[in-house]
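Data block below; observations after.
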Amino acid sequence: MEMQKLYLLVPLAPLFGAMIAGLFCRVIPRWVAHTVTIAGVAVAFVASVIIFRDVQAGHVFNGPVYTWLTSGDYKFEVGFLIDTLTTTMMLVVTFVSLMVHIYTIGYMQEDPGYNRFFSYISLFTFSMLMLVMSNNFMQLFFGWEAVGLVSYLLIGFWYTRPTAIFANMKAFLVNRVGDFGFILGIGLVLTYFGTLDYATVFQKAPEFANATIALFGEGSSVSLMTATCICLFIGAMGKSAQVPLHVWLPDSMEGPTPISALIHAATMVTAGIFMVARMSPLFELSTTALSLVLVIGAITALFMGFLGIIQNDIKRVVAYSTLSQLGYMTVALGASAYSVAIFHLMTHAFFKALLFLAAGSVIIGMHHDQDIRNMGGLRKYMPITWITSLIGSLALIGTPFLSGFYSKDSIIEAVALSHIPGAGFAYFSVLAGVFVTAFYSFRMYFLVFHGEERFGKADDEHHHEHHGDHDDEEVAHDHHHGLAPGQKPHETPWVVTLPLVLLAIPSLVIGYLAIGPMVFGDYFKGVIFIDHHAHPAMEHLAEHFHGAAAMGIHALTTLPFFLALAGVVVSWFFYMKRPDIPAAIQRRFSAIYTLFENKYYFDKFNEVFFAGGARLLGKVFWRGGDVSVIDGVIVNGSTKLVAMISTVTRTFQTGYVYHYAFTMIIGVFVLMTLWINRA
């Protein structure tokens, strides 16, 4: 019973902080807002650590807490499923969120919306915890939509900026497309399984392995499991930003930097990855669905990485890196290496949060100039930001013995051993992605921290982050963007650098410590289900490697290591030694550069086809339906008809008695004629 109270405390503590900071944001001082929200998340983190240790001791919980609706035979409950997968996610979410909360004190110091911001990020943490702790699809959907709602509020936090409003609307609409598929998948589960409880659904799943459903009448039956899993995965494509529903994520950079770290590193974008891993008993019954997952992930991993190469906004480089890494996780899910996907999710959460917060630290030091072309040589001005950025970048590119290496190499090995259709293409994509990742990561690193100093020459055409326009509600507090001529960057205060240091530590060691139990051990036993007969990749992976150290030494001779090394060397040569070469390549391959700059024209297509198509359809209905039918026929037509009848009737209403007598005689005459004819 004591543990159950602790389970409740984890999501409710951040919710309490969010309510205090949100409901009283106009009356409480700033220190109260950040103290109460940080305390709430800290309590959730400590409780998560205790629950994690309890689960390691063998205590798993699955049960309802509260029934909020009963409809016929269906019960809709708030319930918790506490196992190794849940506790891993709880630790990641609460730890990264705590770091982001502390960091926010420094980053949002001068912002008028300070209290409101703390309320939002605390509410975000509550939503994500409800999502990962749920034991049924309905609560999962609640958390799913709640993180979507709060991300909408956060991306459009500076609501006086048209770009922010456009970005949050884009995120909201794209996620609605994914959620439409997701709710169809949940509907299929409820219809055929008769319950939304995970445990019951997973237990019954093998009975439906060969079941089919007719999609468009009798002749078009598809596997129930394939249809369900693909619908659920469409939800994951929206939330975890997979092609073609990835378009919202780079634009979400319009929000303040702390939420970039929160949305992109540990929480919202990983919800889709977590959900597919949780649904492993269903996905294992459909090779078609796994193949789709694998191919979509491979396309995202490689092609979104290419876009990172040409970005000049420091946050957008990291955003495209996130898209690419999410592609890697999705590839692992498609190869049935669910534990490897969760392992990469965890390691990535630390080093990507570190990279985002380090980017934010650079932005503060540069007085809110985000263009990497205006930086250079920051290493000596911002030593803590420099060293933590280097650790984050090395972890991201998969440097042996750092955390990202273990998870990324495990994904590459798992795909190489997979026999699912599309595995060959996926293997090529994740291998090529290693070089691309190393190249764009170190392009950013060298341009920001090394080479000649280029600040103090801010160019108005470059993109700068600013904090709202002049408005009654929010007064801009940064009147200049970028350093003034002669001004030097400065290291950021301890509330910014402490989270960087605390995130750098797991970025270095967590992979080495966790790979044994998480990937090759029994950590996920009974939680993640794999049909080893149909999908033997993980079994073969376990045979290949014995221990983290052996894997690290072995990696020094493998292709991914040399590809990553090549990426770093090429970016150093291009941007430190011969900056004329990238410019020449850009001129020579201007068509490809234009393609990249327009993000493969996904946005253009969506604007013309979907947005333009919807407007055109609206115009057709307005012209054809509203103007022609409703106004023309129904409203105007009925008035004309009444007017016409009135005109005819009026000719008989003269007021002369002999006219009325004549009309009555004619009437009688007509009636008698009709009666005689009938007789």
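By convention here, the chains of the structure tokens are called A, B, ... in the order presented, each chain's residues are numbered starting at 1, and ligands are numbered starting at 1 in the order presented.
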* Leaving out segment 351-355 of chain A and any residue of its chain fewer than 4 positions from it, which residues lie within 9 Å of it when counting only C-alpha atoms, given as a VMD selection string? -> chain A and resid 96 99 to 100 258 260 to 262 264 to 266 318 321 to 322 347 359 to 360 388 to 393 395 to 396 403 to 404 499 to 504 506 to 508
So that I have them on file, write out the residues from the current selection with N, CA, C and O atoms, as a compact mmCIF listing (two decimals), in the first residue's frame.
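Saved the output as out.txt:
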```
# COMPACT_ATOMS: atom_id res chain seq x y z
N VAL A 96 15.85 14.44 -16.45
CA VAL A 96 16.07 15.48 -17.47
C VAL A 96 15.17 16.68 -17.18
O VAL A 96 15.59 17.83 -17.32
N MET A 99 16.72 18.79 -14.49
CA MET A 99 17.84 19.59 -15.03
C MET A 99 17.31 20.81 -15.80
O MET A 99 17.82 21.92 -15.69
N VAL A 100 16.27 20.57 -16.61
CA VAL A 100 15.69 21.66 -17.41
C VAL A 100 15.06 22.71 -16.51
O VAL A 100 15.18 23.92 -16.76
N PRO A 258 14.92 25.90 -23.25
CA PRO A 258 14.69 24.80 -22.29
C PRO A 258 13.63 23.81 -22.77
O PRO A 258 13.76 22.60 -22.55
N SER A 260 13.01 23.08 -25.87
CA SER A 260 13.59 22.29 -26.95
C SER A 260 14.24 21.05 -26.33
O SER A 260 14.11 19.94 -26.84
N ALA A 261 14.93 21.25 -25.23
CA ALA A 261 15.57 20.12 -24.55
C ALA A 261 14.53 19.17 -23.99
O ALA A 261 14.68 17.94 -24.06
N LEU A 262 13.46 19.73 -23.45
CA LEU A 262 12.45 18.89 -22.80
C LEU A 262 11.64 18.11 -23.84
O LEU A 262 11.41 16.91 -23.69
N HIS A 264 12.50 17.56 -27.09
CA HIS A 264 13.29 16.78 -28.04
C HIS A 264 14.17 15.74 -27.41
O HIS A 264 14.62 14.83 -28.10
N ALA A 265 14.46 15.86 -26.13
CA ALA A 265 15.45 14.95 -25.58
C ALA A 265 14.80 13.75 -24.91
O ALA A 265 14.92 12.63 -25.36
N ALA A 266 14.06 14.01 -23.88
CA ALA A 266 13.69 12.89 -23.03
C ALA A 266 12.22 12.59 -23.04
O ALA A 266 11.80 11.54 -22.59
N VAL A 318 20.75 20.87 -34.01
CA VAL A 318 20.46 19.87 -32.97
C VAL A 318 19.07 19.26 -33.20
O VAL A 318 18.85 18.08 -32.94
N SER A 321 19.34 16.70 -35.85
CA SER A 321 20.04 15.57 -35.23
C SER A 321 19.06 14.70 -34.45
O SER A 321 19.10 13.48 -34.49
N THR A 322 18.13 15.36 -33.74
CA THR A 322 17.10 14.62 -32.99
C THR A 322 16.25 13.77 -33.93
O THR A 322 15.98 12.60 -33.67
N THR A 347 20.11 6.73 -23.51
CA THR A 347 21.41 7.40 -23.67
C THR A 347 21.24 8.71 -24.43
O THR A 347 21.81 9.73 -24.06
N ALA A 359 23.61 24.49 -26.27
CA ALA A 359 23.27 25.46 -27.34
C ALA A 359 22.61 26.69 -26.72
O ALA A 359 22.92 27.83 -27.10
N GLY A 360 21.73 26.46 -25.76
CA GLY A 360 21.08 27.58 -25.06
C GLY A 360 22.09 28.43 -24.30
O GLY A 360 21.99 29.66 -24.28
N THR A 388 31.46 20.53 -22.07
CA THR A 388 30.23 19.72 -22.02
C THR A 388 29.67 19.50 -23.43
O THR A 388 29.18 18.43 -23.75
N SER A 389 29.79 20.53 -24.29
CA SER A 389 29.35 20.38 -25.69
C SER A 389 30.18 19.31 -26.39
O SER A 389 29.65 18.52 -27.18
N LEU A 390 31.46 19.30 -26.13
CA LEU A 390 32.34 18.32 -26.76
C LEU A 390 31.95 16.90 -26.32
O LEU A 390 31.86 15.99 -27.15
N ILE A 391 31.67 16.75 -25.02
CA ILE A 391 31.25 15.42 -24.52
C ILE A 391 29.94 15.00 -25.19
O ILE A 391 29.80 13.86 -25.65
N GLY A 392 28.99 15.94 -25.26
CA GLY A 392 27.70 15.64 -25.91
C GLY A 392 27.88 15.26 -27.37
O GLY A 392 27.27 14.29 -27.85
N SER A 393 28.72 16.00 -28.09
CA SER A 393 28.95 15.72 -29.51
C SER A 393 29.63 14.37 -29.71
O SER A 393 29.28 13.61 -30.61
N ALA A 395 29.48 11.81 -27.69
CA ALA A 395 28.50 10.76 -27.37
C ALA A 395 27.53 10.58 -28.54
O ALA A 395 27.17 9.45 -28.91
N LEU A 396 27.12 11.70 -29.15
CA LEU A 396 26.16 11.65 -30.25
C LEU A 396 26.72 10.88 -31.45
O LEU A 396 26.01 10.10 -32.08
N SER A 403 28.50 6.90 -24.00
CA SER A 403 27.18 6.25 -23.94
C SER A 403 26.54 6.03 -25.31
O SER A 403 25.97 4.98 -25.58
N GLY A 404 26.62 7.05 -26.20
CA GLY A 404 25.97 6.91 -27.50
C GLY A 404 26.52 5.79 -28.34
O GLY A 404 25.81 5.20 -29.16
N PRO A 499 23.41 22.08 -14.60
CA PRO A 499 22.73 21.02 -15.35
C PRO A 499 23.58 20.45 -16.49
O PRO A 499 23.51 19.26 -16.80
N LEU A 500 24.42 21.29 -17.11
CA LEU A 500 25.30 20.80 -18.19
C LEU A 500 26.25 19.75 -17.65
O LEU A 500 26.44 18.69 -18.25
N VAL A 501 26.86 20.04 -16.51
CA VAL A 501 27.82 19.11 -15.91
C VAL A 501 27.11 17.82 -15.48
O VAL A 501 27.59 16.71 -15.72
N LEU A 502 25.93 17.98 -14.85
CA LEU A 502 25.19 16.80 -14.37
C LEU A 502 24.68 15.92 -15.52
O LEU A 502 24.50 14.71 -15.35
N LEU A 503 24.42 16.52 -16.68
CA LEU A 503 24.01 15.73 -17.85
C LEU A 503 25.22 15.13 -18.58
O LEU A 503 25.10 14.10 -19.24
N ALA A 504 26.38 15.78 -18.45
CA ALA A 504 27.59 15.26 -19.11
C ALA A 504 28.05 13.94 -18.48
O ALA A 504 28.58 13.07 -19.17
N PRO A 506 26.22 11.26 -17.08
CA PRO A 506 25.62 10.06 -17.69
C PRO A 506 25.94 9.93 -19.19
O PRO A 506 26.04 8.82 -19.70
N SER A 507 26.16 11.07 -19.88
CA SER A 507 26.52 11.00 -21.30
C SER A 507 27.84 10.24 -21.49
O SER A 507 28.07 9.63 -22.53
N LEU A 508 28.69 10.28 -20.47
CA LEU A 508 29.97 9.57 -20.54
C LEU A 508 29.83 8.10 -20.15
O LEU A 508 30.35 7.22 -20.84
```
* **Contact residues around Met268 of chain A with only C-alpha atoms at 8 Å, ignoring same-chain residues under 2 positions, as a list in words** =>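 Listed by chain and then number, they are Met128, Val147, Gly148, Lys239, Ser240, Leu262, Ile263, His264, Ala266, Thr270 and Ala271 of chain A.
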Written file, previous selection with N, CA, C and O atoms, as a JSON list (two decimals), in the first residue's frame:
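Saved to out15.json:
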```
[["chain", "number", "residue", "atom", "x", "y", "z"],
["A", 128, "MET", "N", 3.66, 13.56, -19.21],
["A", 128, "MET", "CA", 4.55, 12.50, -19.70],
["A", 128, "MET", "C", 4.59, 11.33, -18.72],
["A", 128, "MET", "O", 4.62, 10.16, -19.13],
["A", 147, "VAL", "N", 0.51, 15.78, -23.45],
["A", 147, "VAL", "CA", 1.84, 16.29, -23.84],
["A", 147, "VAL", "C", 1.73, 17.09, -25.14],
["A", 147, "VAL", "O", 2.43, 18.09, -25.33],
["A", 148, "GLY", "N", 0.81, 16.68, -26.01],
["A", 148, "GLY", "CA", 0.58, 17.43, -27.25],
["A", 148, "GLY", "C", 0.07, 18.83, -26.98],
["A", 148, "GLY", "O", 0.52, 19.81, -27.56],
["A", 239, "LYS", "N", 3.99, 11.71, -33.14],
["A", 239, "LYS", "CA", 4.61, 12.12, -31.87],
["A", 239, "LYS", "C", 6.14, 12.05, -31.94],
["A", 239, "LYS", "O", 6.82, 12.92, -31.43],
["A", 240, "SER", "N", 6.67, 10.99, -32.57],
["A", 240, "SER", "CA", 8.12, 10.83, -32.63],
["A", 240, "SER", "C", 8.71, 11.33, -33.94],
["A", 240, "SER", "O", 9.82, 10.97, -34.31],
["A", 262, "LEU", "N", 13.46, 19.73, -23.45],
["A", 262, "LEU", "CA", 12.45, 18.89, -22.80],
["A", 262, "LEU", "C", 11.64, 18.11, -23.84],
["A", 262, "LEU", "O", 11.41, 16.91, -23.69],
["A", 263, "ILE", "N", 11.22, 18.78, -24.92],
["A", 263, "ILE", "CA", 10.42, 18.11, -25.94],
["A", 263, "ILE", "C", 11.28, 17.13, -26.74],
["A", 263, "ILE", "O", 10.89, 16.01, -27.02],
["A", 264, "HIS", "N", 12.50, 17.56, -27.09],
["A", 264, "HIS", "CA", 13.29, 16.78, -28.04],
["A", 264, "HIS", "C", 14.17, 15.74, -27.41],
["A", 264, "HIS", "O", 14.62, 14.83, -28.10],
["A", 266, "ALA", "N", 14.06, 14.01, -23.88],
["A", 266, "ALA", "CA", 13.69, 12.89, -23.03],
["A", 266, "ALA", "C", 12.22, 12.59, -23.04],
["A", 266, "ALA", "O", 11.80, 11.54, -22.59],
["A", 270, "THR", "N", 9.96, 10.93, -27.57],
["A", 270, "THR", "CA", 10.26, 9.51, -27.31],
["A", 270, "THR", "C", 9.00, 8.74, -26.93],
["A", 270, "THR", "O", 9.05, 7.52, -26.76],
["A", 271, "ALA", "N", 7.87, 9.43, -26.80],
["A", 271, "ALA", "CA", 6.63, 8.74, -26.42],
["A", 271, "ALA", "C", 6.25, 7.67, -27.44],
["A", 271, "ALA", "O", 5.80, 6.58, -27.08]]
```
* Nearest-residue call for Val362 of chain A, choices A:Leu190, A:Ala167, A:Tyr107, A:Met225, using only C-alpha atoms ->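 Using only C-alpha atoms, the shortest distance to Val362 of chain A belongs to A:Tyr107.
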* Asked: Suppose you want the space between atom CA of Ala33 of chain A and atom CA of Asn115 of chain A; what is it in Å?
  ->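 Atom-to-atom, atom CA of Ala33 of chain A and atom CA of Asn115 of chain A are spaced 5.5 Å apart.
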* To do: Fewer than 4 positions away in the same chain doesn't count, so skip those; otherwise give me all residues within 7 Å of segment 89-92 of chain A, counting only C-alpha atoms, as an MDAnalysis selection string.
  => chainID A and resid 45 48:49 85 96 129 132 266 346
* Asked: Between A:Arg26, A:His544, A:Ala146, A:Tyr601, which one has atoms that come closest to Pro244 of chain A, using only C-alpha atoms?
  ->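 Ranking A:Arg26, A:His544, A:Ala146, A:Tyr601 by distance to Pro244 of chain A, first place goes to A:Tyr601.
For segment 409-424 of chain A, the set of protein, DNA and RNA residues having any atom at most 6 Å away, when counting only C-alpha atoms and skipping those fewer than 5 positions along the same chain, is Ser291, Val295, Ala332, Ala335 and Ala537 of chain A.
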Could you save those same residues with N, CA and C atoms as a short mmCIF file (atom, residue, chain, number, x, y, z; two decimals), in the first residue's frame?
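Result file is part.cif:
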```cif
data_model
loop_
_atom_site.label_atom_id
_atom_site.label_comp_id
_atom_site.auth_asym_id
_atom_site.auth_seq_id
_atom_site.Cartn_x
_atom_site.Cartn_y
_atom_site.Cartn_z
N SER A 291 8.13 -4.22 -40.82
CA SER A 291 8.85 -3.81 -42.03
C SER A 291 8.60 -2.33 -42.32
N VAL A 295 11.50 0.64 -42.41
CA VAL A 295 11.77 1.48 -43.59
C VAL A 295 11.55 2.97 -43.28
N ALA A 332 15.52 0.35 -34.88
CA ALA A 332 15.71 -0.73 -33.89
C ALA A 332 14.38 -1.41 -33.57
N ALA A 335 13.47 -3.75 -36.32
CA ALA A 335 14.30 -4.97 -36.34
C ALA A 335 14.01 -5.87 -35.14
N ALA A 537 17.10 -11.56 -34.61
CA ALA A 537 18.22 -10.59 -34.57
C ALA A 537 18.82 -10.44 -33.18
#
```
Considering only C-alpha atoms, give me a table of residues in segment 304-353 of chain A that are at most 7 Å from segment 247-251 of chain A, with the closest atom pair and distance in Å for each, as a tab-separated table.
```
residue	atom	partner	partner_atom	distance
A:Arg316	CA	A:Pro250	CA	6.1
A:Ala319	CA	A:Pro250	CA	5.6
A:Tyr320	CA	A:Pro250	CA	6.7
```
Using the selection just defined, write its residues with N, CA and C atoms as a PDB file, in the first residue's frame.
```
ATOM      1  N   ARG A 316      18.617  24.525 -34.729  1.00  0.00           N
ATOM      2  CA  ARG A 316      18.075  23.692 -35.805  1.00  0.00           C
ATOM      3  C   ARG A 316      19.002  22.531 -36.159  1.00  0.00           C
ATOM      4  N   ALA A 319      18.135  20.059 -33.736  1.00  0.00           N
ATOM      5  CA  ALA A 319      16.786  19.544 -33.999  1.00  0.00           C
ATOM      6  C   ALA A 319      16.812  18.465 -35.079  1.00  0.00           C
ATOM      7  N   TYR A 320      17.556  18.709 -36.169  1.00  0.00           N
ATOM      8  CA  TYR A 320      17.634  17.692 -37.231  1.00  0.00           C
ATOM      9  C   TYR A 320      18.395  16.464 -36.750  1.00  0.00           C
TER      10      TYR A 320
END
```
* To do: Figure out the distance between atom CA of Leu617 of chain A and atom CA of Val635 of chain A, please, to one decimal in Å.
  => 22.7 Å
DSSP says helix (DSSP H, G or I) for which residues of segment 154-395 of chain A? Put them as a short mmCIF file (atom, residue, chain, number, x, y, z; two decimals) with C-alpha atoms, in the first residue's frame?
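As written to disk, selection_14.cif reads:
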```cif
data_model
loop_
_atom_site.label_atom_id
_atom_site.label_comp_id
_atom_site.auth_asym_id
_atom_site.auth_seq_id
_atom_site.Cartn_x
_atom_site.Cartn_y
_atom_site.Cartn_z
CA LEU A 154 5.24 25.88 -25.04
CA ILE A 155 6.15 26.16 -28.73
CA PRO A 162 3.88 35.24 -35.80
CA THR A 163 6.56 32.57 -36.38
CA ALA A 164 5.86 31.02 -32.96
CA ILE A 165 2.11 30.95 -33.58
CA PHE A 166 2.66 29.35 -37.00
CA ALA A 167 5.02 26.75 -35.48
CA ASN A 168 2.70 25.71 -32.66
CA MET A 169 -0.27 25.46 -35.02
CA LYS A 170 1.83 23.32 -37.36
CA ALA A 171 2.86 21.01 -34.50
CA PHE A 172 -0.74 20.77 -33.34
CA LEU A 173 -2.18 19.94 -36.78
CA VAL A 174 0.51 17.42 -37.75
CA ASN A 175 0.05 15.63 -34.44
CA ARG A 176 -3.72 15.52 -35.02
CA VAL A 177 -3.04 13.57 -38.22
CA GLY A 178 -0.93 11.05 -36.29
CA ASP A 179 -3.46 10.90 -33.46
CA PHE A 180 -6.24 10.07 -35.90
CA GLY A 181 -4.37 6.87 -36.78
CA PHE A 182 -3.60 6.25 -33.12
CA ILE A 183 -7.22 6.44 -32.00
CA LEU A 184 -8.26 4.15 -34.88
CA GLY A 185 -5.73 1.61 -33.57
CA ILE A 186 -7.13 1.94 -30.03
CA GLY A 187 -10.66 1.55 -31.48
CA LEU A 188 -9.64 -1.69 -33.22
CA VAL A 189 -8.20 -3.00 -29.95
CA LEU A 190 -11.41 -2.18 -28.04
CA THR A 191 -13.65 -3.66 -30.77
CA TYR A 192 -11.87 -7.00 -31.10
CA PHE A 193 -10.34 -7.52 -27.65
CA TYR A 198 -2.59 -3.88 -21.62
CA ALA A 199 -2.15 -7.18 -19.80
CA THR A 200 -5.46 -8.63 -21.05
CA VAL A 201 -4.85 -7.44 -24.63
CA PHE A 202 -1.33 -8.90 -24.71
CA GLN A 203 -2.61 -12.18 -23.27
CA LYS A 204 -5.33 -12.48 -25.93
CA ALA A 205 -3.14 -11.26 -28.82
CA PRO A 206 -1.91 -14.70 -30.05
CA GLU A 207 -5.56 -15.78 -30.54
CA PHE A 208 -5.95 -12.99 -33.10
CA LEU A 224 -6.16 -7.49 -37.88
CA MET A 225 -2.73 -7.30 -36.22
CA THR A 226 -1.19 -5.52 -39.20
CA ALA A 227 -4.01 -2.96 -39.36
CA THR A 228 -3.92 -2.35 -35.59
CA CYS A 229 -0.13 -2.03 -35.41
CA ILE A 230 0.11 0.27 -38.43
CA CYS A 231 -2.61 2.53 -37.00
CA LEU A 232 -0.81 2.67 -33.64
CA PHE A 233 2.48 3.36 -35.43
CA ILE A 234 0.92 6.29 -37.34
CA GLY A 235 0.36 7.83 -33.89
CA ALA A 236 4.04 7.21 -33.11
CA MET A 237 5.04 8.78 -36.46
CA GLY A 238 3.32 12.02 -35.43
CA LYS A 239 4.61 12.12 -31.87
CA TRP A 248 6.59 20.07 -37.04
CA LEU A 249 9.73 19.28 -35.08
CA PRO A 250 12.33 21.66 -36.61
CA ASP A 251 9.82 24.52 -36.43
CA SER A 252 9.21 23.84 -32.74
CA MET A 253 12.57 25.57 -32.17
CA GLU A 254 10.49 28.77 -31.99
CA THR A 257 15.54 26.66 -25.56
CA PRO A 258 14.69 24.80 -22.29
CA ILE A 259 11.58 23.32 -23.91
CA SER A 260 13.59 22.29 -26.95
CA ALA A 261 15.57 20.12 -24.55
CA LEU A 262 12.45 18.89 -22.80
CA ILE A 263 10.42 18.11 -25.94
CA HIS A 264 13.29 16.78 -28.04
CA ALA A 265 15.45 14.95 -25.58
CA ALA A 266 13.69 12.89 -23.03
CA MET A 268 7.47 14.00 -25.95
CA VAL A 269 9.31 12.74 -29.03
CA THR A 270 10.26 9.51 -27.31
CA ALA A 271 6.63 8.74 -26.42
CA GLY A 272 6.10 7.02 -29.78
CA ILE A 273 9.24 4.88 -29.34
CA PHE A 274 8.16 3.91 -25.81
CA MET A 275 4.63 3.07 -27.03
CA VAL A 276 5.83 0.71 -29.80
CA ALA A 277 8.21 -1.02 -27.35
CA ARG A 278 5.35 -1.41 -24.87
CA SER A 280 5.88 -5.46 -28.62
CA PRO A 281 3.48 -8.44 -28.07
CA LEU A 282 1.25 -6.98 -30.82
CA PHE A 283 3.97 -5.85 -33.25
CA THR A 287 6.06 -8.72 -39.95
CA THR A 288 4.39 -6.26 -42.38
CA ALA A 289 4.01 -3.64 -39.63
CA LEU A 290 7.61 -4.19 -38.45
CA SER A 291 8.85 -3.81 -42.03
CA LEU A 292 7.01 -0.48 -42.36
CA VAL A 293 8.48 0.69 -39.03
CA LEU A 294 11.97 -0.30 -40.20
CA VAL A 295 11.77 1.48 -43.59
CA ILE A 296 10.18 4.69 -42.20
CA GLY A 297 12.86 4.82 -39.49
CA ALA A 298 15.66 4.29 -42.04
CA ILE A 299 14.38 7.09 -44.31
CA THR A 300 14.15 9.46 -41.31
CA ALA A 301 17.60 8.50 -39.95
CA LEU A 302 19.45 9.23 -43.20
CA PHE A 303 17.50 11.97 -44.98
CA MET A 304 16.91 14.15 -41.92
CA GLY A 305 20.63 13.90 -41.13
CA PHE A 306 21.42 15.40 -44.55
CA LEU A 307 19.36 18.47 -43.65
CA GLY A 308 21.46 19.01 -40.51
CA ILE A 314 22.52 26.38 -33.74
CA LYS A 315 19.23 24.96 -32.41
CA ARG A 316 18.07 23.69 -35.80
CA VAL A 317 21.25 21.63 -36.26
CA VAL A 318 20.46 19.87 -32.97
CA ALA A 319 16.79 19.54 -34.00
CA TYR A 320 17.63 17.69 -37.23
CA SER A 321 20.04 15.57 -35.23
CA THR A 322 17.10 14.62 -32.99
CA LEU A 323 15.02 13.63 -36.03
CA SER A 324 17.86 11.45 -37.30
CA GLN A 325 18.39 9.76 -33.91
CA LEU A 326 14.65 9.09 -33.57
CA GLY A 327 14.97 7.38 -36.94
CA TYR A 328 17.67 5.14 -35.44
CA MET A 329 15.38 4.20 -32.53
CA THR A 330 12.54 3.44 -34.96
CA VAL A 331 14.87 1.24 -37.05
CA ALA A 332 15.71 -0.73 -33.89
CA LEU A 333 11.98 -1.22 -33.19
CA GLY A 334 11.46 -2.47 -36.75
CA TYR A 338 13.00 -3.18 -28.70
CA SER A 339 15.40 -3.21 -25.76
CA VAL A 340 18.11 -1.60 -27.93
CA ALA A 341 15.63 1.12 -29.00
CA ILE A 342 14.82 1.91 -25.33
CA PHE A 343 18.55 1.79 -24.50
CA HIS A 344 19.27 4.35 -27.25
CA LEU A 345 16.27 6.40 -26.08
CA MET A 346 17.83 6.57 -22.62
CA THR A 347 21.41 7.40 -23.67
CA HIS A 348 20.15 9.87 -26.28
CA ALA A 349 18.00 11.63 -23.67
CA PHE A 350 21.09 12.60 -21.68
CA PHE A 351 23.43 13.70 -24.45
CA LYS A 352 20.72 15.41 -26.52
CA ALA A 353 19.40 17.35 -23.49
CA LEU A 354 23.05 18.27 -22.86
CA LEU A 355 23.50 19.49 -26.46
CA PHE A 356 20.31 21.55 -26.39
CA LEU A 357 21.10 23.15 -23.05
CA ALA A 358 24.68 23.80 -24.20
CA ALA A 359 23.27 25.46 -27.34
CA GLY A 360 21.08 27.58 -25.06
CA SER A 361 24.14 28.48 -22.97
CA VAL A 362 25.93 29.62 -26.14
CA ILE A 363 22.85 31.67 -27.11
CA ILE A 364 22.90 33.42 -23.70
CA GLY A 365 26.66 34.04 -24.00
CA ILE A 372 26.76 29.80 -35.98
CA ARG A 373 28.29 31.96 -38.73
CA ASN A 374 28.54 34.76 -36.14
CA LEU A 378 34.12 30.57 -27.96
CA ARG A 379 36.26 27.88 -26.30
CA LYS A 380 38.31 30.33 -24.26
CA PRO A 383 35.09 26.73 -21.00
CA ILE A 384 32.32 24.77 -19.20
CA THR A 385 29.93 25.07 -22.14
CA TRP A 386 32.79 24.05 -24.46
CA ILE A 387 33.81 20.88 -22.64
CA THR A 388 30.23 19.72 -22.02
CA SER A 389 29.35 20.38 -25.69
CA LEU A 390 32.34 18.32 -26.76
CA ILE A 391 31.25 15.42 -24.52
CA GLY A 392 27.70 15.64 -25.91
CA SER A 393 28.95 15.72 -29.51
CA LEU A 394 31.31 12.77 -28.97
CA ALA A 395 28.50 10.76 -27.37
#
```
* Asked: atom CA of Leu15 of chain A and atom CA of Ala42 of chain A are how many Å apart?
  ->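 Computing it gives 12.4 Å between the two atoms.
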